[in-house]
file structure.txt (compact mmCIF, C-alpha atoms)
# COMPACT_ATOMS: atom_id res chain seq x y z
CA MET A 1 0.00 0.00 0.00
CA ASP A 2 1.46 3.40 -0.99
CA ILE A 3 1.45 6.32 1.44
CA ILE A 4 -1.41 8.21 -0.30
CA ASN A 5 -3.68 5.16 -0.07
CA PHE A 6 -2.65 4.74 3.56
CA HIS A 7 -3.93 8.26 4.38
CA GLN A 8 -7.14 7.54 2.47
CA LYS A 9 -7.65 4.35 4.49
CA GLN A 10 -7.16 6.32 7.72
CA ILE A 11 -9.79 8.83 6.61
CA GLU A 12 -12.29 6.03 5.88
CA GLN A 13 -11.77 4.50 9.34
CA LEU A 14 -12.21 7.89 11.04
CA GLU A 15 -15.39 8.54 9.04
CA MET A 16 -16.80 5.19 10.19
CA LYS A 17 -16.07 6.14 13.81
CA ARG A 18 -17.70 9.56 13.30
CA ASN A 19 -20.85 7.95 11.86
CA GLU A 20 -20.98 5.61 14.86
CA ILE A 21 -20.89 8.55 17.27
CA LEU A 22 -23.47 10.43 15.20
CA SER A 23 -25.84 7.46 15.47
CA MET A 24 -25.61 7.70 19.29
CA ALA A 25 -25.43 11.50 19.53
CA ASP A 26 -28.58 11.79 21.68
CA GLU A 27 -27.34 9.29 24.28
CA LEU A 28 -23.62 10.15 24.29
CA PRO A 29 -22.57 13.13 26.45
CA ASP A 30 -20.41 15.71 24.65
CA ALA A 31 -21.00 14.05 21.28
CA ALA A 32 -20.40 17.39 19.50
CA PHE A 33 -16.91 17.64 20.97
CA TYR A 34 -15.97 14.06 20.02
CA ILE A 35 -17.24 14.65 16.49
CA PHE A 36 -15.13 17.82 16.34
CA GLN A 37 -12.05 15.85 17.38
CA ILE A 38 -12.63 13.20 14.72
CA ASN A 39 -13.28 15.85 12.05
CA ALA A 40 -10.01 17.51 13.03
CA LYS A 41 -8.12 14.22 12.63
CA ILE A 42 -9.80 13.66 9.26
CA ARG A 43 -8.67 17.12 8.19
CA ASP A 44 -5.16 16.28 9.41
CA GLU A 45 -5.02 13.16 7.22
CA MET A 46 -6.43 15.08 4.26
CA MET A 47 -3.82 17.80 4.69
CA ARG A 48 -0.99 15.25 4.70
CA GLY A 49 -2.41 13.68 1.54
CA ASP A 50 -2.71 17.09 -0.13
CA ARG A 51 0.93 17.83 0.59
CA LEU A 52 1.95 14.63 -1.15
CA LYS A 53 -0.18 15.55 -4.19
CA PHE A 54 0.99 19.19 -4.31
CA GLU A 55 1.23 20.78 -7.78
CA TYR A 56 3.20 23.98 -8.38
CA SER A 57 1.53 27.01 -9.93
CA SER A 58 3.10 30.39 -10.73
CA ARG A 59 -0.12 32.33 -9.97
CA THR A 60 -1.61 32.97 -6.53
CA CYS A 61 -5.22 33.94 -5.85
CA SER A 62 -5.44 37.49 -4.49
CA GLN A 63 -8.27 36.41 -2.18
CA CYS A 64 -7.46 33.00 -0.64
CA LYS A 65 -3.67 33.22 -1.25
CA GLN A 66 -3.58 29.72 -2.74
CA ALA A 67 -2.08 28.61 -6.04
CA ILE A 68 -4.38 29.01 -9.06
CA LYS A 69 -4.30 25.77 -11.03
CA GLU A 70 -7.02 26.45 -13.59
CA GLU A 71 -6.64 28.67 -16.64
CA ILE A 72 -8.36 32.06 -16.29
CA THR A 73 -9.73 33.31 -19.62
CA ASP A 74 -11.81 36.23 -18.33
CA ARG A 75 -9.87 39.52 -18.58
CA VAL A 76 -11.12 41.05 -15.31
CA GLN A 77 -10.62 37.86 -13.29
CA SER A 78 -7.15 37.48 -14.78
CA LYS A 79 -6.14 41.01 -13.75
CA LEU A 80 -7.48 40.47 -10.24
CA ASN A 81 -6.11 36.91 -9.96
CA ILE A 82 -9.31 35.43 -8.49
CA CYS A 83 -9.64 31.64 -8.47
CA SER A 84 -12.89 29.83 -9.27
CA GLN A 85 -13.50 28.85 -5.63
CA CYS A 86 -13.29 32.47 -4.46
CA LEU A 87 -15.65 33.49 -7.27
CA GLN A 88 -18.20 31.05 -5.86
CA THR A 89 -17.69 32.65 -2.45
CA ILE A 90 -18.26 36.11 -3.94
CA TRP A 91 -21.37 35.07 -5.84
CA GLY A 92 -22.77 33.51 -2.67
CA VAL A 93 -23.44 36.96 -1.14
CA MET A 94 -27.15 37.86 -1.43
CA THR A 95 -29.61 40.42 -0.14
CA ASN A 96 -32.37 39.32 2.21
CA LYS A 97 -34.91 40.08 -0.53
CA GLU A 98 -33.24 37.72 -3.00
CA ILE A 99 -33.27 34.92 -0.42
CA GLU A 100 -36.99 35.41 0.16
CA GLU A 101 -37.66 35.38 -3.60
CA LYS A 102 -35.56 32.26 -4.25
CA LEU A 103 -36.97 30.28 -1.33
CA GLU A 104 -40.50 31.67 -1.75
CA LEU A 105 -40.58 32.97 1.81
CA THR A 106 -43.04 35.52 3.17
CA ASN A 107 -41.87 39.12 2.76
CA GLY A 108 -39.85 40.14 5.84
CA THR A 109 -39.08 36.59 7.00
CA VAL A 110 -35.29 36.85 6.64
CA LYS A 111 -35.14 40.30 8.25
CA ASN A 112 -37.12 38.96 11.19
CA ASP A 113 -34.75 35.98 11.48
CA ILE A 114 -31.78 38.39 11.48
CA ASN A 115 -33.24 40.21 14.48
CA TYR A 116 -33.83 36.99 16.40
CA LYS A 117 -32.62 33.55 15.31
CA LEU A 118 -29.63 34.76 13.26
CA LYS A 119 -28.69 37.53 15.69
CA SER A 120 -25.48 35.84 16.89
CA LEU A 121 -24.10 36.00 13.31
CA VAL A 122 -24.79 39.72 12.80
CA GLY A 123 -21.61 41.71 12.32
CA THR A 124 -19.64 38.77 10.94
CA SER A 125 -18.91 38.33 7.24
CA LEU A 126 -21.90 35.96 7.07
CA VAL A 127 -24.62 38.45 8.07
CA ARG A 128 -23.86 42.17 7.78
CA LYS A 129 -25.12 45.49 6.48
CA SER A 130 -23.87 47.42 3.48
CA ASN A 131 -25.34 50.90 3.88
CA LYS A 132 -28.89 49.99 4.93
CA ILE A 133 -29.07 46.70 3.00
CA TRP A 134 -28.67 43.32 4.70
CA LEU A 135 -26.19 41.00 2.96
CA ILE A 136 -26.19 37.31 3.86
CA HIS A 137 -23.94 34.58 2.54
CA LYS A 138 -25.35 31.44 0.93
CA THR A 139 -23.61 29.34 3.63
CA VAL A 140 -26.10 30.61 6.22
CA THR A 141 -29.16 30.10 4.05
CA ASP A 142 -28.10 26.59 2.98
CA LEU A 143 -27.87 25.67 6.66
CA PHE A 144 -30.63 27.64 8.33
CA TYR A 145 -33.31 27.11 5.70
CA ASN A 146 -32.56 23.39 5.44
CA PRO A 147 -35.66 21.48 6.66
CA ASN A 148 -33.47 19.16 8.78
CA PHE A 149 -31.83 22.01 10.71
CA ASN A 150 -32.93 23.02 14.21
CA LYS A 151 -33.96 26.64 13.67
CA SER A 152 -34.30 27.64 17.34
CA GLU A 153 -31.07 29.66 17.10
CA VAL A 154 -27.99 29.68 14.90
CA ARG A 155 -24.85 29.86 17.03
CA LEU A 156 -21.54 30.83 15.51
CA ASN A 157 -19.80 28.00 17.36
CA TRP A 158 -19.87 26.03 20.59
CA ILE A 159 -16.42 27.26 21.66
CA GLY A 160 -17.98 30.36 23.23
CA GLU A 161 -20.30 28.14 25.28
CA MET A 162 -17.32 26.21 26.63
CA GLU A 163 -15.51 29.45 27.52
CA GLU A 164 -18.61 30.64 29.38
CA LYS A 165 -18.73 27.36 31.32
CA VAL A 166 -15.09 27.79 32.34
CA GLN A 167 -15.82 31.31 33.62
CA THR A 168 -18.89 30.09 35.53
CA LEU A 169 -16.92 27.27 37.16
CA ARG A 170 -14.11 29.66 38.13
CA LYS A 171 -16.56 32.06 39.79
CA ARG A 172 -18.14 29.15 41.65
CA LYS A 173 -14.70 28.02 42.79
CA GLU A 174 -13.82 31.54 43.96
CA ILE A 175 -17.02 31.76 46.07
CA LEU A 176 -16.51 28.28 47.50
CA THR A 177 -12.85 28.96 48.36
CA GLY A 178 -13.90 31.87 50.60
CA MET A 179 -16.41 29.65 52.42
CA LYS A 180 -14.48 26.35 52.60
CA ASP A 181 -13.78 26.62 56.35
CA SER A 182 -17.47 26.86 57.21
CA LEU A 183 -18.88 24.30 54.74
CA ASN A 184 -18.75 20.53 55.09
CA GLY A 185 -17.45 18.79 51.97
CA ALA A 186 -16.14 22.05 50.46
CA ILE A 187 -12.69 20.54 49.77
CA LEU A 188 -14.28 17.70 47.78
CA GLN A 189 -16.39 20.17 45.78
CA LEU A 190 -13.32 22.31 45.07
CA PHE A 191 -11.48 19.23 43.82
CA SER A 192 -14.43 18.45 41.52
CA LEU A 193 -14.50 22.05 40.20
CA ASP A 194 -10.75 21.95 39.48
CA SER A 195 -11.23 18.74 37.47
CA GLN A 196 -14.09 20.24 35.45
CA ILE A 197 -12.16 23.45 34.74
CA LYS A 198 -9.10 21.48 33.58
CA ASP A 199 -11.29 19.28 31.36
CA TYR A 200 -12.82 22.29 29.58
CA GLU A 201 -9.45 24.05 29.28
CA ASP A 202 -7.92 20.93 27.70
CA ARG A 203 -10.75 20.78 25.19
CA LEU A 204 -10.39 24.46 24.34
CA SER A 205 -6.64 24.02 23.84
CA ILE A 206 -7.36 21.36 21.22
CA VAL A 207 -9.57 23.79 19.30
CA THR A 208 -7.57 27.00 19.71
CA GLY A 209 -4.04 25.79 20.33
CA ASP A 210 -2.96 24.81 16.78
CA ARG A 211 -2.95 21.12 17.70
CA TYR A 212 -5.34 20.30 14.88
CA PRO A 213 -5.67 22.05 11.50
CA PHE A 214 -8.85 23.45 9.99
CA ARG A 215 -9.84 23.28 6.35
CA CYS A 216 -11.95 26.10 4.97
CA SER A 217 -15.24 24.79 3.59
CA LEU A 218 -15.24 27.47 0.87
CA CYS A 219 -11.70 27.86 -0.55
CA LYS A 220 -10.50 24.42 0.73
CA GLY A 221 -7.36 26.07 2.10
CA TRP A 222 -5.74 24.96 5.35
CA VAL A 223 -5.83 27.27 8.34
CA LYS A 224 -4.74 26.93 11.95
CA GLY A 225 -6.83 27.51 15.06
CA SER A 226 -4.87 30.69 15.83
CA ASP A 227 -6.28 32.27 12.64
CA ASN A 228 -9.71 32.31 14.32
CA PRO A 229 -11.86 30.80 11.55
CA LEU A 230 -15.64 31.05 11.81
CA LEU A 231 -17.12 27.71 12.89
CA LEU A 232 -20.76 27.28 11.94
CA GLN A 233 -22.00 23.76 12.58
CA GLU A 234 -19.90 21.58 10.23
CA THR A 235 -18.78 24.63 8.20
CA THR A 236 -15.38 26.28 8.66
CA ILE A 237 -14.70 29.69 7.08
CA CYS A 238 -11.14 31.03 7.02
CA HIS A 239 -10.27 34.72 7.50
CA HIS A 240 -9.37 35.01 3.79
CA CYS A 241 -12.88 33.95 2.73
CA SER A 242 -14.41 36.20 5.40
CA HIS A 243 -12.49 39.12 3.88
CA THR A 244 -13.62 38.08 0.37
CA MET A 245 -17.28 38.17 1.48
CA GLU A 246 -16.80 41.56 3.16
CA GLN A 247 -15.47 43.02 -0.11
CA VAL A 248 -18.91 42.51 -1.70
CA LYS A 249 -20.85 45.73 -1.10
CA THR A 250 -23.76 47.71 -2.49
CA VAL A 251 -22.80 50.15 -5.25
CA GLY A 252 -23.77 53.00 -2.90
CA GLU A 253 -21.17 51.95 -0.33
CA ILE A 254 -18.58 51.41 -3.08
CA GLU A 255 -19.14 55.00 -4.25
CA GLU A 256 -18.59 56.26 -0.69
CA ILE A 257 -15.39 54.24 -0.24
CA LEU A 258 -13.88 55.29 -3.59
CA GLY A 259 -15.05 58.89 -3.35
CA LEU A 260 -17.32 58.72 -6.42
CA ARG A 261 -20.34 60.95 -6.86
CA ASN A 262 -23.71 59.44 -6.03
CA GLY A 263 -25.14 57.38 -8.92
CA ARG A 264 -21.86 57.23 -10.87
CA ILE A 265 -21.72 53.43 -11.03
CA HIS A 266 -25.33 53.14 -12.23
CA LYS A 267 -24.68 55.68 -14.98
CA ASP A 268 -21.50 53.91 -16.10
CA LYS A 269 -23.38 50.61 -16.11
CA ASP A 270 -26.17 52.01 -18.26
CA ARG A 271 -23.59 53.46 -20.69
CA GLY A 272 -21.99 50.01 -21.07
CA VAL A 273 -18.69 51.08 -19.51
CA LEU A 274 -18.86 48.32 -16.87
CA GLU A 275 -19.75 45.50 -19.28
CA PRO A 276 -16.57 43.46 -18.49
CA TYR A 277 -17.49 43.43 -14.78
CA LEU A 278 -21.05 42.35 -15.56
CA ASN A 279 -19.68 39.51 -17.71
CA SER A 280 -17.35 38.46 -14.88
CA LYS A 281 -20.31 38.58 -12.44
CA LEU A 282 -18.28 40.84 -10.15
CA LEU A 283 -21.05 43.42 -10.64
CA TRP A 284 -24.48 41.86 -10.37
CA LYS A 285 -28.05 42.38 -9.19
CA SER A 286 -29.34 40.67 -6.04
CA GLY A 287 -33.08 41.17 -5.79
CA SER A 288 -33.46 44.84 -6.64
CA ILE A 289 -30.01 45.84 -5.32
CA TRP A 290 -26.78 46.05 -7.35
CA LEU A 291 -23.69 44.55 -5.67
CA PHE A 292 -20.06 45.15 -6.63
CA HIS A 293 -16.82 43.51 -5.51
CA LEU A 294 -14.57 46.21 -4.03
CA ASN A 295 -11.35 45.10 -5.76
CA ALA A 296 -13.14 44.93 -9.10
CA ALA A 297 -14.45 48.47 -8.57
CA ARG A 298 -10.95 49.64 -7.62
CA LEU A 299 -9.56 48.05 -10.79
CA HIS A 300 -11.85 50.27 -12.86
CA TYR A 301 -11.96 53.51 -10.84
CA LYS A 302 -8.72 53.46 -8.78
CA PRO A 303 -6.27 51.14 -10.57
CA GLU A 304 -3.32 52.73 -8.73
CA ASP A 305 -4.69 51.26 -5.46
CA LEU A 306 -4.09 47.74 -6.80
CA LYS A 307 -0.48 48.22 -7.94
CA PRO A 308 1.91 45.71 -6.34
CA GLU A 309 4.35 47.07 -3.80
CA GLU A 310 7.80 48.03 -5.06
CA PRO A 311 10.53 45.63 -3.88
CA ALA A 312 12.76 46.97 -1.11
CA THR A 313 16.00 48.56 -2.38
CA ASN A 314 18.11 46.98 0.35
CA GLU A 315 17.02 43.41 -0.47
CA ILE A 316 19.63 40.70 0.15
CA PRO A 317 20.67 39.26 -3.29
CA THR A 318 19.95 35.62 -4.05
CA SER A 319 23.46 34.91 -5.38
CA LEU A 320 25.57 33.34 -2.62
CA MET A 321 28.63 35.53 -3.38
CA GLU A 322 26.62 38.73 -3.67
CA ARG A 323 24.57 37.77 -0.61
CA SER A 324 27.68 37.36 1.53
CA LYS A 325 29.05 40.67 0.28
CA ALA A 326 25.77 42.50 1.02
CA ILE A 327 25.54 41.04 4.53
CA TYR A 328 29.18 42.00 5.24
CA GLN A 329 28.61 45.57 4.02
CA LYS A 330 25.46 45.88 6.13
CA MET A 331 27.33 44.66 9.24
CA GLN A 332 30.15 47.15 8.58
CA GLN A 333 27.66 50.01 8.22
CA GLU A 334 26.01 49.09 11.53
CA LYS A 335 29.41 48.80 13.19
CA ASN A 336 30.52 52.22 11.89
CA SER A 337 27.27 53.89 12.93
CA THR A 338 27.63 52.40 16.44
CA ALA A 339 31.23 53.65 16.67
CA HIS A 340 30.17 57.23 15.88
CA VAL A 341 27.58 57.32 18.66
call {"tool": "encode", "arguments": {"input": "structure.txt", "output": "structure tokens"}}
result
Amino acid sequence: MDIINFHQKQIEQLEMKRNEILSMADELPDAAFYIFQINAKIRDEMMRGDRLKFEYSSRTCSQCKQAIKEEITDRVQSKLNICSQCLQTIWGVMTNKEIEEKLELTNGTVKNDINYKLKSLVGTSLVRKSNKIWLIHKTVTDLFYNPNFNKSEVRLNWIGEMEEKVQTLRKRKEILTGMKDSLNGAILQLFSLDSQIKDYEDRLSIVTGDRYPFRCSLCKGWVKGSDNPLLLQETTICHHCSHTMEQVKTVGEIEEILGLRNGRIHKDKDRGVLEPYLNSKLLWKSGSIWLFHLNAARLHYKPEDLKPEEPATNEIPTSLMERSKAIYQKMQQEKNSTAHV
């Protein structure tokens, strides 16, 4: 068995174990945490396999920072260096009105959900406002408006719940410590609290301590726990994809950001000036609202903002001989400047 097949076999075994836990989720305490652990190990095996199958590419996506393997034929996408996966992420941003139209929901349903059941997601890249318009990513609607999903409340992740439990246990321990001399069995209760606190802290360290990798559900890139990805049920969203979503804005907000006069984008669109961006679907209509990707708008109106940074003049040369000479000269300059002080 070659090493790639070995990793695939490990993934299959872990998936079988995960399905077994899922079948007993109602009876098994902390099933969500065990499933998280197994998912993390599956991601670990997948990452190892991906490294073995790595293919070099000279182009890097400006959004997810990964190599672009496919050929980009569209002129706008080529200039912006946007991969196909990030385009899907961009096109997934919708207004609340479009969601209601597509899913045939009663007018105002999504806005009501934002104020109540989706409230914990407000302010993230998944549910946010652009000017006065609510923008929601397809990830949320695919999950929340799925008939099998418990719609009581959408929580960003269960890590916050664990952190709250740790704080509650610590407060309880602090109160009990001050009363231990006057309460029978206080020492035993303190011992129990210490054990519970340590258990939760160990679990949190697994999630947030870089011990297991995360794989973004959108761009498929690998991220570490320290990058603070958004965890929504089984969905993981990296900070690159969050930033990509946040760059989708209403044309009104784009005009404010770029200092354009009110209505300029609509006029340019009607004149056919923005046809390449319409073809690339980086300028599109969601419900009755026009959305524009910020980098695409900058490419047209402020191209100087997207120019790559000039390389530093004091860069160390790649040639070994020149490199050694440059390092020696730099050390001498520092030595001379120190001597003059």
call {"tool": "atom_distance", "arguments": {"input": "structure.txt", "atom1": "atom CA of A:Lys269", "atom2": "atom CA of A:Leu299"}}
result
15.0 Å
call {"tool": "residues_around", "arguments": {"input": "structure.txt", "residues": "stretch 197-202 of chain A", "least_positions_apart": "6", "cutoff": "7 Å", "atoms": "all atoms listed in the file", "output": "JSON, numbers by chain"}}
result
{"A": [162, 166, 169]}
call {"tool": "closest_atom_pairs", "arguments": {"input": "structure.txt", "of": "stretch 177-277 of chain A", "to": "stretch 65-88 of chain A", "cutoff": "9 Å", "atoms": "all atoms listed in the file", "output": "Markdown table"}}
result
| residue | atom | partner | partner_atom | distance |
| --- | --- | --- | --- | --- |
| A:Leu218 | CA | A:Gln85 | CA | 6.9 |
| A:Cys219 | CA | A:Gln85 | CA | 5.5 |
| A:Lys220 | CA | A:Gln85 | CA | 8.3 |
| A:Gly221 | CA | A:Gln66 | CA | 7.1 |
| A:His240 | CA | A:Lys65 | CA | 7.8 |
| A:Cys241 | CA | A:Cys86 | CA | 7.4 |
| A:Thr244 | CA | A:Cys86 | CA | 7.4 |
| A:Pro276 | CA | A:Val76 | CA | 6.8 |
| A:Tyr277 | CA | A:Val76 | CA | 6.8 |
call {"tool": "atom_distance", "arguments": {"input": "structure.txt", "atom1": "atom CA of A:Thr235", "atom2": "atom CA of A:Ile136"}}
result
15.3 Å
call {"tool": "atom_distance", "arguments": {"input": "structure.txt", "atom1": "atom CA of A:Lys171", "atom2": "atom CA of A:Asp194"}}
result
11.7 Å
call {"tool": "residues_around", "arguments": {"input": "structure.txt", "residues": "A:Trp222", "least_positions_apart": "4", "cutoff": "10 Å", "atoms": "all atoms listed in the file", "output": "PyMOL selection string"}}
result
chain A and resi 43-44+46-47+66+213-217+238
call {"tool": "closest_residue", "arguments": {"input": "structure.txt", "among": "A:Thr89, A:Leu283, A:Gln189, A:Lys302", "to": "A:Ser125", "atoms": "only C-alpha atoms"}}
result
A:Thr89
call {"tool": "residues_around", "arguments": {"input": "structure.txt", "residues": "A:Leu135", "least_positions_apart": "4", "cutoff": "8 Å", "atoms": "all atoms listed in the file", "output": "number ranges by chain"}}
result
A: 93-96, 126-130
call {"tool": "closest_residue", "arguments": {"input": "structure.txt", "among": "A:Pro147, A:Gly108, A:Gly259, A:Pro229", "to": "A:His243", "atoms": "all atoms listed in the file"}}
result
A:Pro229
call {"tool": "residues_near_point", "arguments": {"input": "structure.txt", "point": "(-17.9, 29.3, 41.1)", "cutoff": "12 Å", "atoms": "all atoms listed in the file", "output": "VMD selection string"}}
result
chain A and resid 164 to 179 186 189 to 190 192 to 194 196 to 197
call {"tool": "residues_around", "arguments": {"input": "structure.txt", "residues": "A:Ile38", "least_positions_apart": "6", "cutoff": "8 Å", "atoms": "all atoms listed in the file", "output": "list in words"}}
result
Leu14, Glu15, Lys17 and Arg18 of chain A
call {"tool": "write_last_selection", "arguments": {"input": "structure.txt", "atoms": "C-alpha atoms", "output": "mmCIF file, in the frame of the given file"}}
result
data_model
loop_
_atom_site.group_PDB
_atom_site.id
_atom_site.type_symbol
_atom_site.label_atom_id
_atom_site.label_comp_id
_atom_site.auth_asym_id
_atom_site.auth_seq_id
_atom_site.Cartn_x
_atom_site.Cartn_y
_atom_site.Cartn_z
ATOM 1 C CA LEU A 14 -12.210 7.890 11.040
ATOM 2 C CA GLU A 15 -15.390 8.540 9.040
ATOM 3 C CA LYS A 17 -16.070 6.140 13.810
ATOM 4 C CA ARG A 18 -17.700 9.560 13.300
#
call {"tool": "closest_residue", "arguments": {"input": "structure.txt", "among": "A:Glu98, A:Glu304, A:Glu12, A:Asp227", "to": "A:Lys41", "atoms": "only C-alpha atoms"}}
result
A:Glu12
call {"tool": "residues_around", "arguments": {"input": "structure.txt", "residues": "A:Tyr301", "least_positions_apart": "2", "cutoff": "12 Å", "atoms": "all atoms listed in the file", "output": "compact mmCIF listing (two decimals) with C-alpha atoms, keeping the file's coordinate frame"}}
result
# COMPACT_ATOMS: atom_id res chain seq x y z
CA ILE A 254 -18.58 51.41 -3.08
CA GLU A 255 -19.14 55.00 -4.25
CA ILE A 257 -15.39 54.24 -0.24
CA LEU A 258 -13.88 55.29 -3.59
CA GLY A 259 -15.05 58.89 -3.35
CA LEU A 260 -17.32 58.72 -6.42
CA ARG A 261 -20.34 60.95 -6.86
CA ARG A 264 -21.86 57.23 -10.87
CA ILE A 265 -21.72 53.43 -11.03
CA ASP A 268 -21.50 53.91 -16.10
CA VAL A 273 -18.69 51.08 -19.51
CA LEU A 274 -18.86 48.32 -16.87
CA LEU A 294 -14.57 46.21 -4.03
CA ASN A 295 -11.35 45.10 -5.76
CA ALA A 296 -13.14 44.93 -9.10
CA ALA A 297 -14.45 48.47 -8.57
CA ARG A 298 -10.95 49.64 -7.62
CA LEU A 299 -9.56 48.05 -10.79
CA PRO A 303 -6.27 51.14 -10.57
CA GLU A 304 -3.32 52.73 -8.73
CA ASP A 305 -4.69 51.26 -5.46
CA LEU A 306 -4.09 47.74 -6.80
call {"tool": "closest_residue", "arguments": {"input": "structure.txt", "among": "A:Phe144, A:Tyr34, A:Phe292, A:Tyr116", "to": "A:Gly252", "atoms": "all atoms listed in the file"}}
result
A:Phe292
